[in-house]
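First up is the structure itself, then whatever we jot down about it.
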Amino acid sequence: MARNIGSRYTAHQILGRGSAGTVWLGEGPEGPVAIKLLREDLASDQELVGRFVQERTALLGLVHPHVVAVRDLVVDGNDLALVMTLVRGTDLRTRLDRERRLAPEAAVAIIADVADGLAAAHKAHVVHRDVKPENILLDMEGPLGPGGAHPALLTDFGVAKLIDTPRRTKATKIIGTPDYLAPEIVEGLPPRAAVDIYALATVLYELLAGFTPFGGGHPGAVLRRHVTETVVPLPGIPEELWQLLVQCLAKAPASRLRASELAARLRDLLPLLAGIPPLEVDEPGPEESDQPAAYDEQQYTPAAEEPRRRGAVPLVPGSAPDSNRDTHTSMRVPAPDELAGGPLGTARAPRAPGRPRPGSARNKAAAVRKRRITLGVAALALCAAVVVGGLLATGGGDDGPAPQDSENSAPATP
Ligand SMILES: Nc1ncnc2c1ncn2[C@@H]1O[C@H](COP(=O)(O)OP(=O)(O)OP(=O)(O)O)[C@@H](O)[C@H]1O
């Protein structure tokens, strides 16, 4: 069923739904386009419409081979729409869902493309703020690159910023997708270009591992891990690539690479990665979905009809994206004491197949068993010492004190 969008565009068929609206396959004066029609309640928000118009120049000015171009903005009656270049292909989430893990060469080629797009945006002082596989489109009509990767384009520029109006989200609330949120955002700092680098490095990790480094479980736990936990090495990952990942996942934004540098360094690595198969990494089990120790769950309110999916809530309450993907969260910024992690951590640390993960529930159980044994042996040693001491005190023993096992008599440590 076709419908007109403004006077110049016709929307023909729904391509997909996100939390902020519906993307249509449409037609304009210059041929086929993708039209993101924002939800009616957003379109009727005068403040948002004002921002939409304000951001017009920045959004329309961003033209780059690895950015989905916004070609027009339509404000017409109840319609508020972004007209974009139509990308014929799929999004990276769909590819990842299908393949679980990508070979390092293909993963790096895709991320290098996106880093190029980000470099152009950052040069124009535009921060994306919502880099994630859902917002990376693969152009199946483009030429095949290294590792058989199709060209990758970043989409949804400026949408997070448009929706993050002071009225919708108080200064103390976080907007974004938990798995990809940089620690400085969790700590309440304003988002700068480095947040996109952190998110992009998280996507690269996910392409290689099949899961994000700090995701899983309650969104509060995910946010805390971003701030307190360090990323655990992926088994079999080439060292140069690992070092690059670690640098871009640094907690301090200033330690991360700039987008242009990241793109160049990734491309330099491509010859080294040629022919390497996808890494063999065990999927994290459900045991890692720990609840944060101190986070007040009352503060986290998923939309009533929204099922708990990977700990996410939609960007805008009441929205129903048509996929079961992690979308956005809107939560208050956790207090410092809530961000303090436990000694074992709760990150879904990767491991080589068959080997236990540090900090996993299985390891916690082993730690508890070890502690019980240590305590038992220490108690026995103490009893023996008391008996021997008693015998000595009463002059009843000639064999001297019982031998002390220095390891077993040490105080039990958790
Ligand atoms: N320019 C485009 N060309 C072709 N398909 C597109 C384009 N932009 C978006 N799509 C498709 O439309 C669907 C919905 O996109 P949208 O950006 O609204 O949602 P999302 O990013 O998945 O979720 P959210 O907005 O909640 O983060 C996606 O499946 C995406 O692949």
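Convention: chains lettered A, B, ... in structure tokens order; per-chain residue numbering from 1; ligands numbered from 1 as shown.
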Next item on the list: Kindly compile the residues surrounding ligand 1 within 8 Å, counting only C-alpha atoms and all ligand atoms, and format them as a PyMOL selection string.
Entry: chain A and resi 15-25+33-36+68-69+84-91+130+134-135+137+155-156+314-315+321+323+325+327-328
Next item on the list: From a DSSP calculation on the backbone, collect every residue of segment 40-262 of chain A in strand (DSSP E or B) and output the set as a list in words.
Entry: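 Those residues are Val67, Val70, Arg71, Asp72, Leu73, Val74, Val75, Asp76, Asp79, Leu80, Ala81, Leu82, Val83, Met84, Thr85, Gly89, Thr90, Asp91, Ile136, Leu137, Leu138, Asp139, Ala152, Leu153, Leu154, Lys173, Ile174, Ile175 and Gly176 of chain A.
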Next item on the list: Can you work out which one of A:Asp97, A:Asp282, A:Glu187, A:Glu55 has the shortest atom-to-atom distance to Val159 of chain A, counting only C-alpha atoms?
Entry: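 Distance minimum relative to Val159 of chain A lands on A:Glu55.
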Item checked: Best match for closeness to Leu204 of chain A among A:Glu105, A:Glu99, A:Asp76, A:Glu30, counting only C-alpha atoms ->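 Going through A:Glu105, A:Glu99, A:Asp76, A:Glu30 one by one, the smallest distance to Leu204 of chain A is for A:Glu105.
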